[in-house]
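Take a look at the structure set out below.
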Protein chains: 2
Amino acid sequence: MELQAQQPTEEGGSIQAARSSANTPIRPTNNRWTPTPDQLRILQVLYYDKVLKCPTPEQIQEICLNLQQYGQIEDKNVFFWFQNLKALERQKLKEFQNVPVGGSLDLLWC
Amino acid sequence: MELQAQQPTEEGGSIQAARSSANTPIRPTNNRWTPTPDQLRILQVLYYDKVLKCPTPEQIQEICLNLQQYGQIEDKNVFFWFQNLKALERQKLKEFQNVPVGGSLDLLWC
DNA sequence: GATCTATGAATGAACG
DNA sequence: CGTTCATTCATAGATC
């Protein structure tokens, strides 16, 4: 497999300019990565179609290198993306499981 | 591992994106839940009176089940409601802390 | 019926 | 890993 770490022509993409009022935010708030549609599509293919839930560090790096041709991205973004999606799925499973209503938790409704 | 861009073959239908930017992450954003007065009242009782700030998934589900008698509601609505209210409180707290102390802070408490 | 505001929803990042 | 925090986006409702 060829991994072209080609420099994306446009760097940074379309990060909206933070409204910089007189009060400078102490934290560098506006640095959050968001996947481009191409990046998102590929990530979803890997996760759902290829059933890649827990990429190794090597896989993360490889994915990152490939996705860089579609926009700015770092290893940690890939790492967090997989972690978050997995966590969300697990969470939704838990919340959507139907519990028998006969529980004794109705103490909340006193 | 194959990373080539492969079409995800129409996953889940094409929900139209709502943003206007070129690289728009697709976001569903269809009709959203709004709490009924009864639901809102109970949620506020739980949050403020019972000081329930971070309900567990089990609590979320139980709350949801109880609130369903007052109108349509899902687990994630309860989840987001608590998250948002807590976030709003933190945000307001931060704003108060960032007020330049010009000596007239007591105006905030009138 | 255009605009404003409050808030539902989403998710990247990070914590314990 | 499950949970929590942060910021942002989108829009239902209110207001004019």
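Residue names in the structure tokens use chain letters A, B, ... in the order shown, residue numbers from 1 in each chain, and ligand numbers from 1 in the order shown.
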
Close residues, stretch 46-51 of chain B itself excluded, 9 Å, only C-alpha atoms (C1' of nucleotides), min 2 positions apart in chain, as a ChimeraX atom specification: /A:108-109 /B:41-44,53-54,82,85

Go through chain C residue by residue and, counting only C-alpha atoms (C1' of nucleotides), keep those with an atom at most 12 Å from stretch 5-10 of chain D; for each kept residue give the shortest atom pair and its distance in Å to one decimal, ordered by chain and increasing number, as a Markdown table.
```
| residue | atom | partner | partner_atom | distance |
| --- | --- | --- | --- | --- |
| C:DT7 | C1' | D:DA10 | C1' | 10.3 |
| C:DG8 | C1' | D:DA10 | C1' | 8.7 |
| C:DA9 | C1' | D:DA10 | C1' | 8.1 |
| C:DA10 | C1' | D:DC9 | C1' | 7.8 |
| C:DT11 | C1' | D:DT8 | C1' | 9.0 |
| C:DG12 | C1' | D:DA6 | C1' | 8.8 |
| C:DA13 | C1' | D:DA6 | C1' | 8.0 |
| C:DA14 | C1' | D:DC5 | C1' | 7.7 |
| C:DC15 | C1' | D:DC5 | C1' | 8.7 |
```

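Candidate residues B:Gln39, B:Gln61, B:Asn31, B:Asn77 were compared for distance to chain D, and the nearest is B:Asn31, using only C-alpha atoms (C1' of nucleotides).
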
Residues of chain B within 8 Å of chain C, counting only C-alpha atoms (C1' of nucleotides), as a PyMOL selection string: chain B and resi 29+32-34+77+80-81+84

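Of the residues listed (A:Asp38, A:Glu62, A:Glu89, A:Asp75), A:Glu89 shows the shortest atom-to-atom separation from chain D; distances use only C-alpha atoms (C1' of nucleotides).
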
Neighbour list for B:Glu74 as an NGL selection string, cut-off 10 Å, only C-alpha atoms (C1' of nucleotides), skip fewer than 6 positions in-chain: (:A and (95-96)) or (:B and (33 or 60-61 or 63-65 or 67-68))

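The interatomic distance for the pair atom CA of B:Leu52 and atom C1' of D:DT4 works out to 14.4 Å.
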
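Taking atom CA of B:Lys76 as the reference point, atom CA of A:Ala87 is found at 14.5 Å.
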
Residue list (helix (DSSP H, G or I), DSSP) for stretch 22-79 of chain A, as a short mmCIF file (atom, residue, chain, number, x, y, z; two decimals) with all heavy atoms, in the first residue's frame:
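So the final result, stored in out_26.cif, reads:
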```
data_model
loop_
_atom_site.label_atom_id
_atom_site.label_comp_id
_atom_site.auth_asym_id
_atom_site.auth_seq_id
_atom_site.Cartn_x
_atom_site.Cartn_y
_atom_site.Cartn_z
N PRO A 37 -15.62 16.17 5.10
CA PRO A 37 -16.51 15.09 4.67
C PRO A 37 -15.76 13.87 4.17
O PRO A 37 -16.15 12.74 4.49
CB PRO A 37 -17.32 15.76 3.55
CG PRO A 37 -17.35 17.19 3.91
CD PRO A 37 -16.02 17.48 4.55
N ASP A 38 -14.70 14.08 3.43
CA ASP A 38 -13.93 12.94 2.94
C ASP A 38 -13.28 12.18 4.08
O ASP A 38 -13.32 10.95 4.12
CB ASP A 38 -12.84 13.43 1.97
CG ASP A 38 -13.42 13.72 0.59
OD1 ASP A 38 -14.47 13.15 0.26
OD2 ASP A 38 -12.82 14.50 -0.15
N GLN A 39 -12.71 12.93 5.00
CA GLN A 39 -12.10 12.27 6.15
C GLN A 39 -13.14 11.49 6.93
O GLN A 39 -12.91 10.35 7.33
CB GLN A 39 -11.44 13.32 7.05
CG GLN A 39 -10.16 13.91 6.49
CD GLN A 39 -9.64 15.05 7.33
OE1 GLN A 39 -10.39 15.63 8.12
NE2 GLN A 39 -8.37 15.38 7.16
N LEU A 40 -14.29 12.10 7.14
CA LEU A 40 -15.33 11.44 7.92
C LEU A 40 -15.81 10.17 7.21
O LEU A 40 -16.00 9.13 7.85
CB LEU A 40 -16.50 12.40 8.12
CG LEU A 40 -17.67 11.85 8.94
CD1 LEU A 40 -17.20 11.47 10.33
CD2 LEU A 40 -18.80 12.88 9.03
N ARG A 41 -15.98 10.27 5.93
CA ARG A 41 -16.46 9.11 5.19
C ARG A 41 -15.48 7.94 5.30
O ARG A 41 -15.87 6.80 5.57
CB ARG A 41 -16.66 9.49 3.72
CG ARG A 41 -17.11 8.37 2.84
CD ARG A 41 -17.37 8.86 1.42
NE ARG A 41 -16.30 9.72 0.92
CZ ARG A 41 -15.15 9.24 0.44
NH1 ARG A 41 -14.93 7.95 0.42
NH2 ARG A 41 -14.23 10.08 0.00
N ILE A 42 -14.22 8.24 5.15
CA ILE A 42 -13.22 7.18 5.23
C ILE A 42 -13.15 6.60 6.63
O ILE A 42 -13.06 5.38 6.82
CB ILE A 42 -11.85 7.74 4.79
CG1 ILE A 42 -11.91 8.09 3.30
CG2 ILE A 42 -10.75 6.72 5.06
CD1 ILE A 42 -10.64 8.71 2.78
N LEU A 43 -13.22 7.46 7.61
CA LEU A 43 -13.20 6.97 8.98
C LEU A 43 -14.38 6.04 9.25
O LEU A 43 -14.24 5.00 9.88
CB LEU A 43 -13.22 8.15 9.95
CG LEU A 43 -11.92 8.95 10.08
CD1 LEU A 43 -12.14 10.24 10.85
CD2 LEU A 43 -10.85 8.10 10.78
N GLN A 44 -15.52 6.42 8.73
CA GLN A 44 -16.70 5.60 8.95
C GLN A 44 -16.60 4.27 8.22
O GLN A 44 -17.06 3.23 8.72
CB GLN A 44 -17.95 6.36 8.50
CG GLN A 44 -18.32 7.49 9.44
CD GLN A 44 -19.43 8.36 8.89
OE1 GLN A 44 -19.68 8.39 7.69
NE2 GLN A 44 -20.10 9.07 9.78
N VAL A 45 -16.02 4.31 7.04
CA VAL A 45 -15.81 3.06 6.31
C VAL A 45 -14.93 2.14 7.12
O VAL A 45 -15.21 0.94 7.28
CB VAL A 45 -15.17 3.34 4.93
CG1 VAL A 45 -14.63 2.05 4.33
CG2 VAL A 45 -16.20 3.97 4.00
N LEU A 46 -13.86 2.70 7.67
CA LEU A 46 -12.95 1.87 8.46
C LEU A 46 -13.66 1.31 9.69
O LEU A 46 -13.50 0.14 10.03
CB LEU A 46 -11.74 2.70 8.90
CG LEU A 46 -10.79 3.11 7.78
CD1 LEU A 46 -9.75 4.08 8.30
CD2 LEU A 46 -10.13 1.88 7.19
N TYR A 47 -14.45 2.15 10.30
CA TYR A 47 -15.08 1.72 11.56
C TYR A 47 -16.20 0.72 11.31
O TYR A 47 -16.25 -0.34 11.94
CB TYR A 47 -15.63 2.94 12.29
CG TYR A 47 -16.13 2.63 13.68
CD1 TYR A 47 -15.28 2.65 14.78
CD2 TYR A 47 -17.47 2.32 13.89
CE1 TYR A 47 -15.75 2.36 16.04
CE2 TYR A 47 -17.94 2.04 15.16
CZ TYR A 47 -17.08 2.06 16.23
OH TYR A 47 -17.55 1.76 17.48
N TYR A 48 -17.08 1.05 10.41
CA TYR A 48 -18.26 0.21 10.21
C TYR A 48 -18.01 -0.92 9.22
O TYR A 48 -18.30 -2.09 9.53
CB TYR A 48 -19.44 1.06 9.74
CG TYR A 48 -19.94 2.02 10.78
CD1 TYR A 48 -19.73 3.39 10.65
CD2 TYR A 48 -20.62 1.56 11.91
CE1 TYR A 48 -20.19 4.28 11.61
CE2 TYR A 48 -21.07 2.43 12.88
CZ TYR A 48 -20.86 3.79 12.72
OH TYR A 48 -21.30 4.66 13.67
N ASP A 49 -17.51 -0.60 8.06
CA ASP A 49 -17.33 -1.64 7.05
C ASP A 49 -16.17 -2.56 7.39
O ASP A 49 -16.30 -3.78 7.37
CB ASP A 49 -17.10 -1.00 5.68
CG ASP A 49 -18.35 -0.25 5.22
OD1 ASP A 49 -19.35 -0.28 5.96
OD2 ASP A 49 -18.31 0.36 4.14
N PRO A 57 -1.53 1.96 17.41
CA PRO A 57 -0.82 3.21 17.10
C PRO A 57 -0.28 3.25 15.68
O PRO A 57 -0.30 4.30 15.03
CB PRO A 57 0.32 3.21 18.12
CG PRO A 57 -0.24 2.46 19.28
CD PRO A 57 -1.14 1.40 18.70
N GLU A 58 0.16 2.11 15.19
CA GLU A 58 0.65 2.08 13.81
C GLU A 58 -0.48 2.34 12.83
O GLU A 58 -0.33 3.08 11.86
CB GLU A 58 1.29 0.73 13.50
CG GLU A 58 2.60 0.47 14.23
CD GLU A 58 2.38 0.10 15.70
OE1 GLU A 58 1.25 -0.27 16.06
OE2 GLU A 58 3.35 0.23 16.47
N GLN A 59 -1.61 1.73 13.09
CA GLN A 59 -2.76 1.97 12.22
C GLN A 59 -3.22 3.41 12.29
O GLN A 59 -3.58 4.02 11.28
CB GLN A 59 -3.91 1.03 12.61
CG GLN A 59 -3.65 -0.42 12.25
CD GLN A 59 -4.73 -1.35 12.79
OE1 GLN A 59 -5.18 -1.21 13.92
NE2 GLN A 59 -5.15 -2.31 11.97
N ILE A 60 -3.21 3.94 13.48
CA ILE A 60 -3.60 5.34 13.64
C ILE A 60 -2.72 6.24 12.79
O ILE A 60 -3.19 7.10 12.05
CB ILE A 60 -3.52 5.75 15.12
CG1 ILE A 60 -4.68 5.13 15.91
CG2 ILE A 60 -3.54 7.25 15.27
CD1 ILE A 60 -4.64 5.41 17.39
N GLN A 61 -1.44 5.97 12.86
CA GLN A 61 -0.51 6.80 12.10
C GLN A 61 -0.74 6.66 10.60
O GLN A 61 -0.75 7.64 9.85
CB GLN A 61 0.92 6.41 12.45
CG GLN A 61 1.95 7.36 11.86
CD GLN A 61 3.33 7.07 12.42
OE1 GLN A 61 3.55 6.02 13.02
NE2 GLN A 61 4.25 8.01 12.23
N GLU A 62 -0.99 5.44 10.20
CA GLU A 62 -1.21 5.20 8.78
C GLU A 62 -2.50 5.88 8.31
O GLU A 62 -2.53 6.53 7.26
CB GLU A 62 -1.29 3.70 8.52
CG GLU A 62 -1.46 3.34 7.07
CD GLU A 62 -1.92 1.90 6.92
OE1 GLU A 62 -1.94 1.18 7.93
OE2 GLU A 62 -2.27 1.53 5.78
N ILE A 63 -3.52 5.74 9.09
CA ILE A 63 -4.79 6.40 8.75
C ILE A 63 -4.59 7.91 8.67
O ILE A 63 -5.06 8.57 7.74
CB ILE A 63 -5.86 6.05 9.81
CG1 ILE A 63 -6.18 4.56 9.76
CG2 ILE A 63 -7.11 6.87 9.60
CD1 ILE A 63 -6.99 4.07 10.95
N CYS A 64 -3.89 8.42 9.63
CA CYS A 64 -3.66 9.86 9.66
C CYS A 64 -2.93 10.32 8.40
O CYS A 64 -3.30 11.32 7.79
CB CYS A 64 -2.87 10.22 10.91
SG CYS A 64 -2.57 11.99 11.09
N LEU A 65 -1.90 9.59 8.04
CA LEU A 65 -1.15 9.96 6.84
C LEU A 65 -2.04 9.97 5.61
O LEU A 65 -1.95 10.85 4.76
CB LEU A 65 0.02 8.99 6.64
CG LEU A 65 1.20 9.18 7.59
CD1 LEU A 65 2.22 8.08 7.43
CD2 LEU A 65 1.83 10.55 7.36
N ASN A 66 -2.90 9.00 5.52
CA ASN A 66 -3.79 8.95 4.37
C ASN A 66 -4.81 10.08 4.38
O ASN A 66 -5.12 10.66 3.34
CB ASN A 66 -4.53 7.61 4.35
CG ASN A 66 -3.71 6.53 3.68
OD1 ASN A 66 -3.76 6.39 2.48
ND2 ASN A 66 -2.93 5.80 4.46
N LEU A 67 -5.29 10.39 5.55
CA LEU A 67 -6.34 11.41 5.63
C LEU A 67 -5.80 12.82 5.45
O LEU A 67 -6.57 13.75 5.23
CB LEU A 67 -7.07 11.29 6.97
CG LEU A 67 -7.92 10.04 7.14
CD1 LEU A 67 -8.68 10.09 8.45
CD2 LEU A 67 -8.88 9.88 5.97
N GLN A 68 -4.49 12.94 5.56
CA GLN A 68 -3.92 14.28 5.44
C GLN A 68 -4.10 14.86 4.04
O GLN A 68 -4.03 16.08 3.86
CB GLN A 68 -2.44 14.26 5.82
CG GLN A 68 -2.22 14.26 7.32
CD GLN A 68 -0.78 14.11 7.70
OE1 GLN A 68 0.07 13.86 6.84
NE2 GLN A 68 -0.49 14.26 8.98
N GLN A 69 -4.32 14.00 3.08
CA GLN A 69 -4.53 14.55 1.74
C GLN A 69 -5.91 15.18 1.61
O GLN A 69 -6.20 15.84 0.62
CB GLN A 69 -4.36 13.45 0.69
CG GLN A 69 -5.28 12.28 0.89
CD GLN A 69 -5.00 11.17 -0.08
OE1 GLN A 69 -4.79 11.43 -1.26
NE2 GLN A 69 -5.01 9.94 0.42
N TYR A 70 -6.74 14.97 2.59
CA TYR A 70 -8.08 15.56 2.55
C TYR A 70 -8.24 16.74 3.49
O TYR A 70 -9.31 17.32 3.59
CB TYR A 70 -9.14 14.51 2.89
CG TYR A 70 -9.11 13.32 1.97
CD1 TYR A 70 -8.62 12.10 2.41
CD2 TYR A 70 -9.55 13.44 0.66
CE1 TYR A 70 -8.59 11.01 1.57
CE2 TYR A 70 -9.52 12.34 -0.19
CZ TYR A 70 -9.04 11.14 0.27
OH TYR A 70 -9.01 10.06 -0.57
N ASP A 75 -2.49 12.67 14.49
CA ASP A 75 -2.71 11.32 15.02
C ASP A 75 -3.75 11.32 16.13
O ASP A 75 -4.64 10.47 16.19
CB ASP A 75 -1.38 10.76 15.57
CG ASP A 75 -0.45 10.35 14.45
OD1 ASP A 75 -0.90 10.37 13.29
OD2 ASP A 75 0.71 10.04 14.72
N LYS A 76 -3.61 12.29 17.01
CA LYS A 76 -4.51 12.28 18.17
C LYS A 76 -5.96 12.48 17.75
O LYS A 76 -6.87 11.99 18.42
CB LYS A 76 -4.09 13.36 19.17
CG LYS A 76 -4.32 14.77 18.67
CD LYS A 76 -4.09 15.77 19.80
CE LYS A 76 -4.44 17.19 19.37
NZ LYS A 76 -4.31 18.15 20.47
N ASN A 77 -6.19 13.17 16.64
CA ASN A 77 -7.56 13.33 16.16
C ASN A 77 -8.14 11.99 15.77
O ASN A 77 -9.29 11.67 16.11
CB ASN A 77 -7.59 14.28 14.96
CG ASN A 77 -6.96 15.63 15.25
OD1 ASN A 77 -6.14 16.10 14.48
ND2 ASN A 77 -7.31 16.24 16.36
N VAL A 78 -7.35 11.19 15.09
CA VAL A 78 -7.80 9.85 14.72
C VAL A 78 -8.05 9.01 15.96
O VAL A 78 -9.07 8.35 16.10
CB VAL A 78 -6.76 9.17 13.81
CG1 VAL A 78 -7.21 7.76 13.46
CG2 VAL A 78 -6.55 10.00 12.55
N PHE A 79 -7.11 9.11 16.87
CA PHE A 79 -7.24 8.34 18.11
C PHE A 79 -8.53 8.69 18.84
O PHE A 79 -9.33 7.81 19.19
CB PHE A 79 -6.04 8.63 19.00
CG PHE A 79 -6.16 8.07 20.38
CD1 PHE A 79 -5.99 6.71 20.61
CD2 PHE A 79 -6.46 8.90 21.45
CE1 PHE A 79 -6.11 6.19 21.88
CE2 PHE A 79 -6.58 8.39 22.73
CZ PHE A 79 -6.40 7.04 22.95
#
```
